[in-house]
Every structure is written in structure tokens, then in C-alpha cells.
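K.L.:
One file: query30.cif (mmCIF, C-alpha atoms).
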data_entry
#
loop_
_atom_site.group_PDB
_atom_site.id
_atom_site.type_symbol
_atom_site.label_atom_id
_atom_site.label_comp_id
_atom_site.auth_asym_id
_atom_site.auth_seq_id
_atom_site.Cartn_x
_atom_site.Cartn_y
_atom_site.Cartn_z
ATOM 1 C CA MET O 749 14.201 20.142 21.210
ATOM 2 C CA ARG O 750 12.683 16.681 20.793
ATOM 3 C CA PHE O 751 9.708 18.084 18.863
ATOM 4 C CA SER O 752 12.139 19.895 16.564
ATOM 5 C CA LEU O 753 14.001 16.669 15.948
ATOM 6 C CA VAL O 754 10.797 14.843 15.096
ATOM 7 C CA PHE O 755 9.806 17.667 12.735
ATOM 8 C CA LEU O 756 13.203 17.612 11.032
ATOM 9 C CA LEU O 757 13.113 13.841 10.899
ATOM 10 C CA GLY O 758 9.712 13.908 9.284
ATOM 11 C CA SER O 759 10.851 16.406 6.680
ATOM 12 C CA ALA O 760 14.052 14.527 5.850
ATOM 13 C CA VAL O 761 12.438 11.093 5.890
ATOM 14 C CA PHE O 762 9.400 12.068 3.868
ATOM 15 C CA LEU O 763 11.472 13.831 1.227
ATOM 16 C CA GLY O 764 13.799 10.871 1.025
ATOM 17 C CA PHE O 765 11.153 8.157 0.992
ATOM 18 C CA GLY O 766 8.265 9.700 -0.959
ATOM 19 C CA ALA O 767 4.827 9.170 0.609
ATOM 20 C CA SER O 768 4.822 9.432 4.413
ATOM 21 C CA LEU O 769 2.749 6.243 4.707
ATOM 22 C CA ASP O 770 5.735 4.350 3.273
ATOM 23 C CA VAL O 771 8.061 5.589 6.028
ATOM 24 C CA PRO O 772 7.384 2.809 8.605
ATOM 25 C CA PHE O 773 8.131 0.136 5.995
ATOM 26 C CA ASP O 774 11.310 1.862 4.824
ATOM 27 C CA LEU O 775 12.497 2.253 8.399
ATOM 28 C CA ALA O 776 11.828 -1.458 9.027
ATOM 29 C CA ARG O 777 14.701 -2.461 6.728
ATOM 30 C CA PRO O 778 17.333 -4.643 8.445
ATOM 31 C CA ALA O 779 20.798 -3.084 8.717
ATOM 32 C CA ARG O 780 22.188 -4.711 5.558
ATOM 33 C CA GLU O 781 19.306 -3.538 3.371
ATOM 34 C CA TRP O 782 19.435 -0.104 4.990
ATOM 35 C CA ALA O 783 23.135 0.290 4.190
ATOM 36 C CA LEU O 784 22.324 -0.566 0.550
ATOM 37 C CA PHE O 785 19.156 1.525 0.465
ATOM 38 C CA GLY O 786 17.491 1.629 -2.956
ATOM 39 C CA VAL O 787 20.060 -0.639 -4.580
ATOM 40 C CA ASP O 788 18.879 -3.592 -2.460
ATOM 41 C CA LEU O 789 15.898 -3.849 -4.852
ATOM 42 C CA ALA O 790 18.171 -5.582 -7.368
ATOM 43 C CA MET O 791 19.886 -8.029 -4.997
ATOM 44 C CA PRO O 792 18.643 -11.643 -5.201
ATOM 45 C CA GLY O 793 17.160 -12.992 -1.992
ATOM 46 C CA LEU O 794 16.618 -9.669 -0.211
ATOM 47 C CA PRO O 795 12.917 -9.201 0.684
ATOM 48 C CA THR O 796 12.815 -5.472 -0.136
ATOM 49 C CA ASN O 797 11.729 -6.533 -3.629
ATOM 50 C CA PRO O 798 9.198 -9.415 -3.484
ATOM 51 C CA GLY O 799 10.425 -10.521 -6.905
ATOM 52 C CA SER O 800 13.843 -11.310 -5.406
ATOM 53 C CA LEU O 801 12.256 -13.831 -3.016
ATOM 54 C CA ALA O 802 12.187 -16.297 -5.905
ATOM 55 C CA PHE O 803 15.972 -16.571 -5.611
ATOM 56 C CA SER O 804 16.183 -16.936 -1.823
ATOM 57 C CA SER O 805 17.861 -20.063 -0.482
ATOM 58 C CA GLY O 806 17.552 -21.206 3.086
ATOM 59 C CA TRP O 807 15.760 -19.332 5.838
ATOM 60 C CA ASN O 808 16.634 -16.355 8.002
ATOM 61 C CA LEU O 809 15.102 -14.539 10.949
ATOM 62 C CA SER O 810 16.161 -10.948 11.656
ATOM 63 C CA SER O 811 15.639 -8.690 14.677
ATOM 64 C CA THR O 812 16.414 -4.999 14.155
ATOM 65 C CA PHE O 813 16.665 -1.974 16.416
ATOM 66 C CA SER O 814 17.335 1.567 15.275
ATOM 67 C CA SER O 815 17.567 5.031 16.763
ATOM 68 C CA VAL O 816 16.612 7.331 13.904
ATOM 69 C CA PHE O 817 18.371 10.693 14.286
ATOM 70 C CA GLY O 818 17.678 10.546 18.023
ATOM 71 C CA ALA O 819 13.966 11.193 17.455
ATOM 72 C CA LEU O 820 12.359 7.820 16.735
ATOM 73 C CA GLN O 821 12.931 4.323 18.049
ATOM 74 C CA VAL O 822 12.340 1.453 15.616
ATOM 75 C CA TRP O 823 11.920 -2.222 16.488
ATOM 76 C CA ALA O 824 11.412 -4.744 13.684
ATOM 77 C CA VAL O 825 11.289 -8.522 13.308
ATOM 78 C CA SER O 826 11.348 -10.109 9.847
ATOM 79 C CA GLY O 827 11.871 -13.493 8.276
ATOM 80 C CA SER O 828 12.267 -14.849 4.759
ATOM 81 C CA GLY O 829 13.220 -17.929 2.783
ATOM 82 C CA ARG O 830 12.254 -20.155 -0.123
ATOM 83 C CA GLY O 831 9.979 -17.667 -1.845
ATOM 84 C CA VAL O 832 8.177 -16.117 1.121
ATOM 85 C CA ALA O 833 8.796 -13.275 3.578
ATOM 86 C CA GLY O 834 7.065 -11.342 6.331
ATOM 87 C CA GLY O 835 7.763 -8.829 9.052
ATOM 88 C CA VAL O 836 6.410 -6.592 11.807
ATOM 89 C CA VAL O 837 7.676 -3.132 12.804
ATOM 90 C CA LEU O 838 6.925 -0.676 15.617
ATOM 91 C CA LEU O 839 7.805 3.041 15.409
ATOM 92 C CA ASP O 840 7.640 5.049 18.605
ATOM 93 C CA SER O 841 8.697 8.672 19.147
ATOM 94 C CA GLY O 842 8.070 8.634 22.895
ATOM 95 C CA GLU O 843 6.404 11.642 24.477
ATOM 96 C CA ILE O 844 7.141 14.694 22.321
ATOM 97 C CA GLY O 845 4.652 17.024 24.026
ATOM 98 C CA PRO O 846 1.632 17.067 26.328
ATOM 99 C CA ASN O 847 -0.454 14.048 25.284
ATOM 100 C CA LEU O 848 1.439 13.920 21.976
ATOM 101 C CA ARG O 849 3.120 10.772 20.740
ATOM 102 C CA TYR O 850 3.816 9.210 17.325
ATOM 103 C CA ARG O 851 3.328 5.436 17.464
ATOM 104 C CA VAL O 852 2.746 3.172 14.458
ATOM 105 C CA TRP O 853 2.536 -0.578 13.897
ATOM 106 C CA ALA O 854 3.083 -2.049 10.425
ATOM 107 C CA GLY O 855 3.468 -5.474 8.861
ATOM 108 C CA THR O 856 4.221 -7.144 5.529
ATOM 109 C CA VAL O 857 3.633 -10.514 3.877
ATOM 110 C CA GLY O 858 5.154 -11.325 0.474
ATOM 111 C CA ALA O 859 5.805 -14.193 -1.928
ATOM 112 C CA GLY O 860 7.676 -14.688 -5.204
ATOM 113 C CA PHE O 861 8.220 -17.331 -7.858
ATOM 114 C CA GLN O 862 10.894 -17.917 -10.486
ATOM 115 C CA LEU O 863 10.269 -17.905 -14.227
ATOM 116 C CA GLY O 864 13.598 -18.570 -15.932
ATOM 117 C CA SER O 865 15.913 -15.650 -15.159
ATOM 118 C CA PHE O 866 13.014 -13.620 -13.794
ATOM 119 C CA GLY O 867 11.618 -13.464 -10.292
ATOM 120 C CA ILE O 868 8.076 -12.150 -9.932
ATOM 121 C CA GLY O 869 6.499 -11.389 -6.600
ATOM 122 C CA THR O 870 3.765 -9.597 -4.724
ATOM 123 C CA ARG O 871 3.526 -8.125 -1.243
ATOM 124 C CA VAL O 872 0.786 -6.865 1.039
ATOM 125 C CA ARG O 873 1.604 -4.070 3.492
ATOM 126 C CA TYR O 874 -0.596 -3.276 6.486
ATOM 127 C CA ILE O 875 -0.254 -0.119 8.575
ATOM 128 C CA HIS O 876 -1.915 0.752 11.879
ATOM 129 C CA PRO O 877 -1.206 4.239 13.269
ATOM 130 C CA GLU O 878 -1.984 3.920 16.973
ATOM 131 C CA GLN O 879 -1.169 7.427 18.191
ATOM 132 C CA PRO O 880 -2.010 10.283 17.948
ATOM 133 C CA LYS O 881 -5.073 8.849 16.116
ATOM 134 C CA SER O 882 -5.962 5.209 15.594
ATOM 135 C CA SER O 883 -6.627 3.998 12.046
ATOM 136 C CA SER O 884 -5.491 1.315 9.584
ATOM 137 C CA GLY O 885 -4.809 0.787 5.887
ATOM 138 C CA TRP O 886 -3.210 -1.568 3.394
ATOM 139 C CA ALA O 887 -1.387 -1.597 0.061
ATOM 140 C CA LEU O 888 -0.547 -4.224 -2.566
ATOM 141 C CA ASP O 889 2.890 -4.087 -4.254
ATOM 142 C CA LEU O 890 4.399 -5.887 -7.250
ATOM 143 C CA GLY O 891 8.091 -6.615 -7.809
ATOM 144 C CA VAL O 892 10.233 -8.041 -10.627
ATOM 145 C CA LEU O 893 13.896 -9.061 -10.618
ATOM 146 C CA TRP O 894 16.007 -10.186 -13.579
ATOM 147 C CA VAL O 895 19.180 -12.077 -12.678
ATOM 148 C CA GLY O 896 22.018 -12.053 -15.204
ATOM 149 C CA PRO O 897 25.484 -10.511 -15.575
ATOM 150 C CA VAL O 898 23.728 -7.403 -14.235
ATOM 151 C CA CYS O 899 20.745 -7.802 -11.916
ATOM 152 C CA VAL O 900 17.854 -5.415 -12.553
ATOM 153 C CA GLY O 901 14.972 -4.902 -10.146
ATOM 154 C CA ALA O 902 11.718 -2.960 -10.290
ATOM 155 C CA LEU O 903 9.160 -2.372 -7.544
ATOM 156 C CA VAL O 904 5.701 -0.859 -8.030
ATOM 157 C CA GLU O 905 4.235 0.132 -4.673
ATOM 158 C CA SER O 906 0.565 0.690 -3.857
ATOM 159 C CA VAL O 907 -0.819 -0.811 -7.052
ATOM 160 C CA PHE O 908 -3.999 -1.068 -5.015
ATOM 161 C CA SER O 909 -4.346 0.568 -1.617
ATOM 162 C CA SER O 910 -6.654 1.746 1.128
ATOM 163 C CA SER O 911 -5.243 4.701 3.047
ATOM 164 C CA PRO O 912 -5.589 4.820 6.848
ATOM 165 C CA SER O 913 -6.375 8.545 6.703
ATOM 166 C CA GLU O 914 -7.352 11.327 4.344
ATOM 167 C CA GLU O 915 -3.770 11.314 3.071
ATOM 168 C CA VAL O 916 -3.403 9.710 -0.354
ATOM 169 C CA TRP O 917 -1.264 6.560 -0.529
ATOM 170 C CA PRO O 918 0.083 7.118 -4.067
ATOM 171 C CA ARG O 919 1.312 4.525 -6.511
ATOM 172 C CA ASP O 920 5.079 4.731 -6.997
ATOM 173 C CA LEU O 921 7.959 3.093 -8.848
ATOM 174 C CA SER O 922 11.534 2.289 -7.811
ATOM 175 C CA LEU O 923 14.290 0.884 -10.048
ATOM 176 C CA ALA O 924 17.761 -0.501 -9.398
ATOM 177 C CA ALA O 925 20.617 -2.311 -11.146
ATOM 178 C CA VAL O 926 23.480 -4.232 -9.521
ATOM 179 C CA PHE O 927 26.717 -5.528 -11.025
ATOM 180 C CA PRO O 928 28.104 -8.510 -9.028
ATOM 181 C CA TRP O 929 31.869 -9.015 -9.260
ATOM 182 C CA THR O 930 34.598 -11.339 -8.026
ATOM 183 C CA LEU O 931 38.248 -10.415 -7.526
ATOM 184 C CA GLY O 932 40.361 -13.287 -6.270
ATOM 185 C CA SER O 933 38.880 -14.398 -2.955
ATOM 186 C CA PHE O 934 36.787 -11.225 -2.635
ATOM 187 C CA VAL O 935 33.156 -11.069 -3.735
ATOM 188 C CA GLY O 936 31.192 -7.856 -4.068
ATOM 189 C CA ALA O 937 28.511 -5.873 -5.822
ATOM 190 C CA PHE O 938 28.136 -2.307 -7.049
ATOM 191 C CA GLY O 939 24.840 -0.745 -8.035
ATOM 192 C CA ALA O 940 22.654 2.279 -8.576
ATOM 193 C CA GLY O 941 18.989 2.923 -8.011
ATOM 194 C CA VAL O 942 16.213 5.489 -8.163
ATOM 195 C CA VAL O 943 13.409 5.294 -5.605
ATOM 196 C CA ASP O 944 10.001 6.985 -5.697
ATOM 197 C CA VAL O 945 10.205 7.868 -9.390
ATOM 198 C CA PHE O 946 6.650 9.236 -9.540
ATOM 199 C CA SER O 947 6.591 11.284 -6.313
ATOM 200 C CA PHE O 948 10.120 12.425 -5.410
ATOM 201 C CA PRO O 949 12.869 10.761 -7.501
ATOM 202 C CA THR O 950 15.925 10.106 -5.365
ATOM 203 C CA GLY O 951 19.057 8.441 -6.682
ATOM 204 C CA SER O 952 21.442 6.234 -4.735
ATOM 205 C CA LEU O 953 24.775 4.490 -5.251
ATOM 206 C CA ALA O 954 25.814 1.511 -3.151
ATOM 207 C CA MET O 955 28.622 -1.010 -2.845
ATOM 208 C CA GLU O 956 29.219 -4.162 -0.819
ATOM 209 C CA VAL O 957 32.408 -6.205 -0.412
ATOM 210 C CA ASP O 958 32.529 -9.640 1.205
ATOM 211 C CA PHE O 959 35.869 -10.589 2.784
ATOM 212 C CA GLY O 960 34.611 -13.920 4.083
ATOM 213 C CA ALA O 961 33.282 -13.660 7.610
ATOM 214 C CA LEU O 962 33.369 -9.856 7.364
ATOM 215 C CA SER O 963 31.393 -7.680 4.948
ATOM 216 C CA LEU O 964 31.619 -3.927 4.424
ATOM 217 C CA ARG O 965 28.968 -1.883 2.631
ATOM 218 C CA GLY O 966 27.733 1.646 2.121
ATOM 219 C CA SER O 967 25.477 3.889 0.081
ATOM 220 C CA LEU O 968 25.318 7.531 -0.950
ATOM 221 C CA ARG O 969 22.119 9.520 -1.451
ATOM 222 C CA PRO O 970 21.586 13.278 -1.905
ATOM 223 C CA SER O 971 20.453 13.679 1.716
ATOM 224 C CA ASN O 972 22.753 11.273 3.565
ATOM 225 C CA LEU O 973 25.696 8.884 3.637
ATOM 226 C CA CYS O 974 25.280 5.406 5.073
ATOM 227 C CA LEU O 975 28.158 3.140 6.129
ATOM 228 C CA GLY O 976 27.825 -0.338 7.560
ATOM 229 C CA GLY O 977 29.114 -3.850 7.768
ATOM 230 C CA GLY O 978 28.458 -7.300 9.102
ATOM 231 C CA VAL O 979 29.984 -10.466 10.496
ATOM 232 C CA GLU O 980 28.667 -13.941 9.797
ATOM 233 C CA ARG O 981 29.452 -17.234 11.502
ATOM 234 C CA GLN O 982 27.573 -20.212 10.075
ATOM 235 C CA TRP O 983 24.044 -19.803 11.496
ATOM 236 C CA PHE O 984 24.469 -16.386 13.141
ATOM 237 C CA GLY O 985 25.047 -12.904 11.747
ATOM 238 C CA LEU O 986 25.361 -9.365 13.079
ATOM 239 C CA ASP O 987 24.861 -6.355 10.778
ATOM 240 C CA TRP O 988 25.145 -2.654 11.542
ATOM 241 C CA ALA O 989 24.733 0.667 9.752
ATOM 242 C CA PHE O 990 25.340 4.348 10.556
ATOM 243 C CA THR O 991 23.608 7.183 8.711
ATOM 244 C CA VAL O 992 25.210 10.611 8.533
ATOM 245 C CA HIS O 993 22.934 13.568 7.735
ATOM 246 C CA PRO O 994 24.249 17.154 7.408
ATOM 247 C CA ASP O 995 21.568 18.641 9.692
ATOM 248 C CA LEU O 996 20.537 15.802 12.022
ATOM 249 C CA PRO O 997 22.233 13.686 14.720
ATOM 250 C CA LEU O 998 23.898 10.404 13.829
ATOM 251 C CA SER O 999 21.469 7.547 13.212
ATOM 252 C CA PHE O 1000 22.393 3.924 13.872
ATOM 253 C CA ARG O 1001 20.852 0.524 13.232
ATOM 254 C CA VAL O 1002 21.767 -3.021 14.296
ATOM 255 C CA SER O 1003 20.326 -6.379 13.213
ATOM 256 C CA PHE O 1004 20.796 -9.851 14.658
ATOM 257 C CA VAL O 1005 20.248 -12.572 12.053
ATOM 258 C CA LEU O 1006 19.712 -16.313 12.423
ATOM 259 C CA ARG O 1007 20.158 -18.473 9.297
ATOM 260 C CA TRP O 1008 19.476 -22.136 8.573
ATOM 261 C CA PRO O 1009 19.068 -24.314 5.420
#
As a first step, turn the structure in this file into C-alpha cells.
P.N.:
Amino acid sequence: MRFSLVFLLGSAVFLGFGASLDVPFDLARPAREWALFGVDLAMPGLPTNPGSLAFSSGWNLSSTFSSVFGALQVWAVSGSGRGVAGGVVLLDSGEIGPNLRYRVWAGTVGAGFQLGSFGIGTRVRYIHPEQPKSSSGWALDLGVLWVGPVCVGALVESVFSSSPSEEVWPRDLSLAAVFPWTLGSFVGAFGAGVVDVFSFPTGSLAMEVDFGALSLRGSLRPSNLCLGGGVERQWFGLDWAFTVHPDLPLSFRVSFVLRWP
């Protein structure tokens, strides 16, 4: 049963995220970014797009845990602020058969700078599959974000890369646009995005509403629905997200966030 779940997970994840080597980095997203998957590329300050780092203010440290469709466990630690970001993630399937286990370490380091209304950034991703076979590889990404009445983000992944295996780590493009809005005391954003344009184009719609200390958010993609939220109290925040897939068990994710100026 567990092997079947891992197989289904692999199929669903790979089809949704493009190249399989990108999966550990996509799964490392904190709960807020995960709930806004794809559209988060156009949100200022979120490290998914290194170009958005140019608009980050203050610092934050995030610790994330996720059970992905009951088949994979994900632990991630990330931090960002004032134009820089980095993170480490561990994916572990546990024992799925005799001497068979899927275990991968991955890490990122990125930086961005502001040029008028544009943010331009770069990111290096490092991946180290530990089991079932040890290897390592890296990729260099470029990101751009334009901040205006509508925020537009673009991310080119694997501009240069060295694959950890015989599998190709292809170059890919993702695009997103976000419309921020204010209604009375409520602040929110609505957006749309397309990820993995070159390999497996997948569209997404997402929305976030901030009620003050409480935020609610969600996104819709062809393969799943994601609903989440968060609470924030000065220097501390808690975010969560649930992913509903028609053929797989419920997936959940929780992130603890520390923030300071």
C-alpha cells in the first residue's frame, strides 16, 4: 500500500511540478507559499521568486513540516530578509520495501536587488539524493518581479545546471500576475499563474485575504485544491495548508514563522 502511495505521489507530483528534480524544492515551500502555489511568484517579499527578495523588509525564519499524501515526510527550514534568502529541506519516504527508501537533501541560496519598480534576483539550488543512490547536482535560476498596480513575476529555472543523475534537469519558465486590493479594513490579493511552461504547463488561481491577525488563502490547480490560513502576532506566526487530491489521501503542511525588523 505504501509503495502504491509513493508511486501515485510521484506521478501526481511530477506531472504537477514538471521535472522530478524540482520536486524537493517545490515541496520545501512554507505553508503560505504552498497555499498560493504558482501565484506566489508575483508576491513581493516571498522567496519563491528571487526577484521578489528585492522588496523584502525585515527578517523571518520559517520551520515547515508536511505529510505529503501520507507517503512522504518533509522537513524544511528557511530564512529570508533584506534581499537574501536560503533554506534546507529533507524528504524521506521511510521504508517502502526491502532495502528501499527515498531520501533526499536539498538547499537553496538566493539574492535580489531593486531597480526602480523591478526586482531582479538569482538563486542557486543544490540537491543531494542520499537513497536509494547517492549523488548530487546544482542549478542556477533567474527571477524578475515588477511591482505596480498589478505585480508580475517570472522565474527561469535551471538556466545552467548539473544533474545528479542521467536524468536531464531541463530549463523551464513560470509566470504569474497578482492584483493587490483593499476593501475597508481588509487587505487581499488575487492572482493567476502558469508553472513549468516548457515542460508541462499547469495553470493556477489563488487568493489571499488578510483580516488583521488572521489570514485566509487558497489556490486551485487542475490536479488539486489547496486551502490554508495563518495567524500572526507581532514576531510570531503560524501558517497551515491542506491539499485535496481526487485520488490521494489528504495532505497537510504547517509552518512556524519568527519575524523581526
K.L.:
Please provide the set of residues having any atom within 9 Å of stretch 769-781 of chain O, restricted to only C-alpha atoms, with same-chain residues fewer than 6 positions apart removed, written as a PyMOL selection string.
P.N.:
chain O and resi 761-762+787-789+794-796+810-814+816+822-826+835-839+852-856+873+875+911-912+915-917+965+976-978+986-990+1000-1004
K.L.:
Could you make a table, as CSV, of the residues of stretch 819-866 of chain O that have an atom within 12 Å of an atom of stretch 799-805 of chain O, each with its nearest atom pair and distance in Å to one decimal, counting all atoms listed in the file, in chain and number order?
P.N.:
residue,atom,partner,partner_atom,distance
O:Gly827,CA,O:Leu801,CA,11.3
O:Ser828,CA,O:Leu801,CA,7.8
O:Gly829,CA,O:Ser804,CA,5.6
O:Arg830,CA,O:Ser804,CA,5.4
O:Gly831,CA,O:Leu801,CA,4.6
O:Val832,CA,O:Leu801,CA,6.2
O:Ala833,CA,O:Leu801,CA,7.5
O:Gly834,CA,O:Leu801,CA,11.0
O:Val857,CA,O:Leu801,CA,11.5
O:Gly858,CA,O:Leu801,CA,8.3
O:Ala859,CA,O:Leu801,CA,6.6
O:Gly860,CA,O:Ala802,CA,4.8
O:Phe861,CA,O:Ala802,CA,4.5
O:Gln862,CA,O:Ala802,CA,5.0
O:Leu863,CA,O:Ala802,CA,8.7
O:Gly864,CA,O:Ala802,CA,10.4
O:Ser865,CA,O:Phe803,CA,9.6
O:Phe866,CA,O:Gly799,CA,8.0
K.L.:
How about saving the chosen residues, C-alpha atoms kept, as a PDB file, in the frame of the given file?
P.N.:
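Now in result.pdb:
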ATOM      1  CA  GLY O 827      11.871 -13.493   8.276  1.00  0.00           C
ATOM      2  CA  SER O 828      12.267 -14.849   4.759  1.00  0.00           C
ATOM      3  CA  GLY O 829      13.220 -17.929   2.783  1.00  0.00           C
ATOM      4  CA  ARG O 830      12.254 -20.155  -0.123  1.00  0.00           C
ATOM      5  CA  GLY O 831       9.979 -17.667  -1.845  1.00  0.00           C
ATOM      6  CA  VAL O 832       8.177 -16.117   1.121  1.00  0.00           C
ATOM      7  CA  ALA O 833       8.796 -13.275   3.578  1.00  0.00           C
ATOM      8  CA  GLY O 834       7.065 -11.342   6.331  1.00  0.00           C
ATOM      9  CA  VAL O 857       3.633 -10.514   3.877  1.00  0.00           C
ATOM     10  CA  GLY O 858       5.154 -11.325   0.474  1.00  0.00           C
ATOM     11  CA  ALA O 859       5.805 -14.193  -1.928  1.00  0.00           C
ATOM     12  CA  GLY O 860       7.676 -14.688  -5.204  1.00  0.00           C
ATOM     13  CA  PHE O 861       8.220 -17.331  -7.858  1.00  0.00           C
ATOM     14  CA  GLN O 862      10.894 -17.917 -10.486  1.00  0.00           C
ATOM     15  CA  LEU O 863      10.269 -17.905 -14.227  1.00  0.00           C
ATOM     16  CA  GLY O 864      13.598 -18.570 -15.932  1.00  0.00           C
ATOM     17  CA  SER O 865      15.913 -15.650 -15.159  1.00  0.00           C
ATOM     18  CA  PHE O 866      13.014 -13.620 -13.794  1.00  0.00           C
TER      19      PHE O 866
END
K.L.:
Please enumerate the residues selected by the PyMOL selection byres ((chain O and resi 973) around 10) when evaluated against the supplied file, formatted as a list in words.
P.N.:
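Going through the file, the PyMOL selection byres ((chain O and resi 973) around 10) ends up selecting Ala783, Ser952, Leu953, Gly966, Ser967, Leu968, Arg969, Pro970, Ser971, Asn972, Cys974, Leu975, Phe990, Thr991, Val992, His993 and Pro994 of chain O.
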K.L.:
Could you write out that same residue set with C-alpha atoms as a compact mmCIF listing (two decimals), keeping the file's coordinate frame?
P.N.:
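Final file, part22.txt:
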# COMPACT_ATOMS: atom_id res chain seq x y z
CA ALA O 783 23.14 0.29 4.19
CA SER O 952 21.44 6.23 -4.74
CA LEU O 953 24.78 4.49 -5.25
CA GLY O 966 27.73 1.65 2.12
CA SER O 967 25.48 3.89 0.08
CA LEU O 968 25.32 7.53 -0.95
CA ARG O 969 22.12 9.52 -1.45
CA PRO O 970 21.59 13.28 -1.90
CA SER O 971 20.45 13.68 1.72
CA ASN O 972 22.75 11.27 3.56
CA CYS O 974 25.28 5.41 5.07
CA LEU O 975 28.16 3.14 6.13
CA PHE O 990 25.34 4.35 10.56
CA THR O 991 23.61 7.18 8.71
CA VAL O 992 25.21 10.61 8.53
CA HIS O 993 22.93 13.57 7.74
CA PRO O 994 24.25 17.15 7.41
K.L.:
Between atom CA of O:Val945 and atom CA of O:Ser913, measure the distance and give it in Å to one decimal.
P.N.:
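Distance between the two atoms: 23.1 Å.
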K.L.:
Got a sec: who's within 10 Å of O:Pro897, counting only C-alpha atoms, leaving out chain neighbours fewer than 4 positions off, as a list of chain:residue names?
P.N.:
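Returned residues: O:Val926, O:Phe927, O:Pro928, O:Trp929.
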K.L.:
What would the file look like if the residues just selected were written as a short mmCIF file (atom, residue, chain, number, x, y, z; two decimals), in the coordinates of the input with C-alpha atoms?
P.N.:
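Below is the file result.cif, written as the result:
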data_model
loop_
_atom_site.label_atom_id
_atom_site.label_comp_id
_atom_site.auth_asym_id
_atom_site.auth_seq_id
_atom_site.Cartn_x
_atom_site.Cartn_y
_atom_site.Cartn_z
CA VAL O 926 23.48 -4.23 -9.52
CA PHE O 927 26.72 -5.53 -11.02
CA PRO O 928 28.10 -8.51 -9.03
CA TRP O 929 31.87 -9.02 -9.26
#
K.L.:
For the atom pair atom CA of O:Gly939 and atom CA of O:Ala924, what is the interatomic distance in Å to one decimal place?
P.N.:
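Between these atoms lies a distance of 7.2 Å.
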K.L.:
With only C-alpha atoms as the atoms that count, which of O:Pro792, O:Pro798, O:Pro877, O:Pro997 lies nearest to O:Val898?
P.N.:
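With only C-alpha atoms as the atom set, the closest residue is O:Pro792.
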K.L.:
Find, counting only C-alpha atoms, the residue in O:Ala819, O:Val979, O:Ile844, O:Val895 that gets nearest to O:Phe959.
P.N.:
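Checking each candidate against O:Phe959, we get O:Val979 as the closest.
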K.L.:
Evaluate the PyMOL selection byres ((chain O and resi 933) around 12) on the structure here and hand back the selected residues as a ChimeraX atom specification.
P.N.:
/O:929-932,934-936,957-961
K.L.:
Give the answer as one residue: which of O:Ala790, O:Phe785, O:Tyr874, O:Gly806 has the shortest atom-to-atom distance to O:Ala902, using only C-alpha atoms?
P.N.:
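Smallest separation from O:Ala902 among the options: O:Ala790.
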K.L.:
Could you state which residues are captured by the PyMOL selection byres ((chain O and resi 908) around 6) in this file, as a PyMOL selection string?
P.N.:
chain O and resi 887-888+906-907+909
K.L.:
Enter the distance from atom CA of O:Val1005 to atom CA of O:Ser922, in Å, rounded to one decimal.
P.N.:
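Pair atom CA of O:Val1005 / atom CA of O:Ser922 returns 26.3 Å.
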K.L.:
Name the closest residue to O:Phe984 among the candidates O:Leu820, O:Leu1006, O:Ala925, O:Val900; distances are taken between atoms, counting all atoms listed in the file.
P.N.:
O:Leu1006
K.L.:
Taking only C-alpha atoms into account, which of O:Ser910, O:Thr950, O:Ser999, O:Ser841 comes nearest O:Phe817?
P.N.:
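Using only C-alpha atoms, O:Phe817 sits closest to O:Ser999.
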K.L.:
Specify the axis-aligned box that encloses all atoms of stretch 778-788 of chain O listed in the file after padding of 4 Å on each side, stating its centre and edge lengths in Å to one decimal as JSON.
P.N.:
{"center_x": 20.2, "center_y": -1.5, "center_z": 2.1, "size_x": 13.8, "size_y": 14.3, "size_z": 21.3}
K.L.:
Starting from the structure just given, write a file holding stretch 916-926 of chain O with N, CA, C and O atoms, as a PDB file, in the first residue's frame.
P.N.:
ATOM      1  N   VAL O 916      17.772  14.389 -17.221  1.00  0.00           N
ATOM      2  CA  VAL O 916      18.013  15.776 -17.617  1.00  0.00           C
ATOM      3  C   VAL O 916      17.315  16.717 -16.632  1.00  0.00           C
ATOM      4  O   VAL O 916      16.195  16.466 -16.205  1.00  0.00           O
ATOM      5  N   TRP O 917      18.004  17.808 -16.275  1.00  0.00           N
ATOM      6  CA  TRP O 917      17.407  18.841 -15.434  1.00  0.00           C
ATOM      7  C   TRP O 917      17.067  19.999 -16.362  1.00  0.00           C
ATOM      8  O   TRP O 917      17.869  20.914 -16.563  1.00  0.00           O
ATOM      9  N   PRO O 918      15.879  20.001 -16.977  1.00  0.00           N
ATOM     10  CA  PRO O 918      15.590  20.932 -18.073  1.00  0.00           C
ATOM     11  C   PRO O 918      15.359  22.361 -17.615  1.00  0.00           C
ATOM     12  O   PRO O 918      14.917  22.614 -16.493  1.00  0.00           O
ATOM     13  N   ARG O 919      15.646  23.277 -18.504  1.00  0.00           N
ATOM     14  CA  ARG O 919      15.331  24.687 -18.275  1.00  0.00           C
ATOM     15  C   ARG O 919      13.816  24.859 -18.378  1.00  0.00           C
ATOM     16  O   ARG O 919      13.171  24.248 -19.210  1.00  0.00           O
ATOM     17  N   ASP O 920      13.253  25.698 -17.488  1.00  0.00           N
ATOM     18  CA  ASP O 920      11.804  25.891 -17.510  1.00  0.00           C
ATOM     19  C   ASP O 920      11.445  27.315 -17.124  1.00  0.00           C
ATOM     20  O   ASP O 920      12.262  28.048 -16.560  1.00  0.00           O
ATOM     21  N   LEU O 921      10.203  27.686 -17.415  1.00  0.00           N
ATOM     22  CA  LEU O 921       9.717  29.043 -17.180  1.00  0.00           C
ATOM     23  C   LEU O 921       8.382  29.002 -16.459  1.00  0.00           C
ATOM     24  O   LEU O 921       7.502  28.212 -16.803  1.00  0.00           O
ATOM     25  N   SER O 922       8.228  29.865 -15.450  1.00  0.00           N
ATOM     26  CA  SER O 922       6.951  30.033 -14.757  1.00  0.00           C
ATOM     27  C   SER O 922       6.609  31.511 -14.702  1.00  0.00           C
ATOM     28  O   SER O 922       7.491  32.361 -14.532  1.00  0.00           O
ATOM     29  N   LEU O 923       5.310  31.824 -14.853  1.00  0.00           N
ATOM     30  CA  LEU O 923       4.836  33.208 -14.893  1.00  0.00           C
ATOM     31  C   LEU O 923       3.647  33.381 -13.953  1.00  0.00           C
ATOM     32  O   LEU O 923       2.858  32.450 -13.771  1.00  0.00           O
ATOM     33  N   ALA O 924       3.513  34.569 -13.386  1.00  0.00           N
ATOM     34  CA  ALA O 924       2.369  34.834 -12.513  1.00  0.00           C
ATOM     35  C   ALA O 924       2.075  36.322 -12.471  1.00  0.00           C
ATOM     36  O   ALA O 924       2.960  37.160 -12.693  1.00  0.00           O
ATOM     37  N   ALA O 925       0.818  36.656 -12.189  1.00  0.00           N
ATOM     38  CA  ALA O 925       0.386  38.046 -12.022  1.00  0.00           C
ATOM     39  C   ALA O 925      -0.555  38.113 -10.823  1.00  0.00           C
ATOM     40  O   ALA O 925      -1.405  37.237 -10.638  1.00  0.00           O
ATOM     41  N   VAL O 926      -0.402  39.157 -10.017  1.00  0.00           N
ATOM     42  CA  VAL O 926      -1.203  39.315  -8.799  1.00  0.00           C
ATOM     43  C   VAL O 926      -1.771  40.729  -8.746  1.00  0.00           C
ATOM     44  O   VAL O 926      -1.056  41.709  -9.015  1.00  0.00           O
TER      45      VAL O 926
END
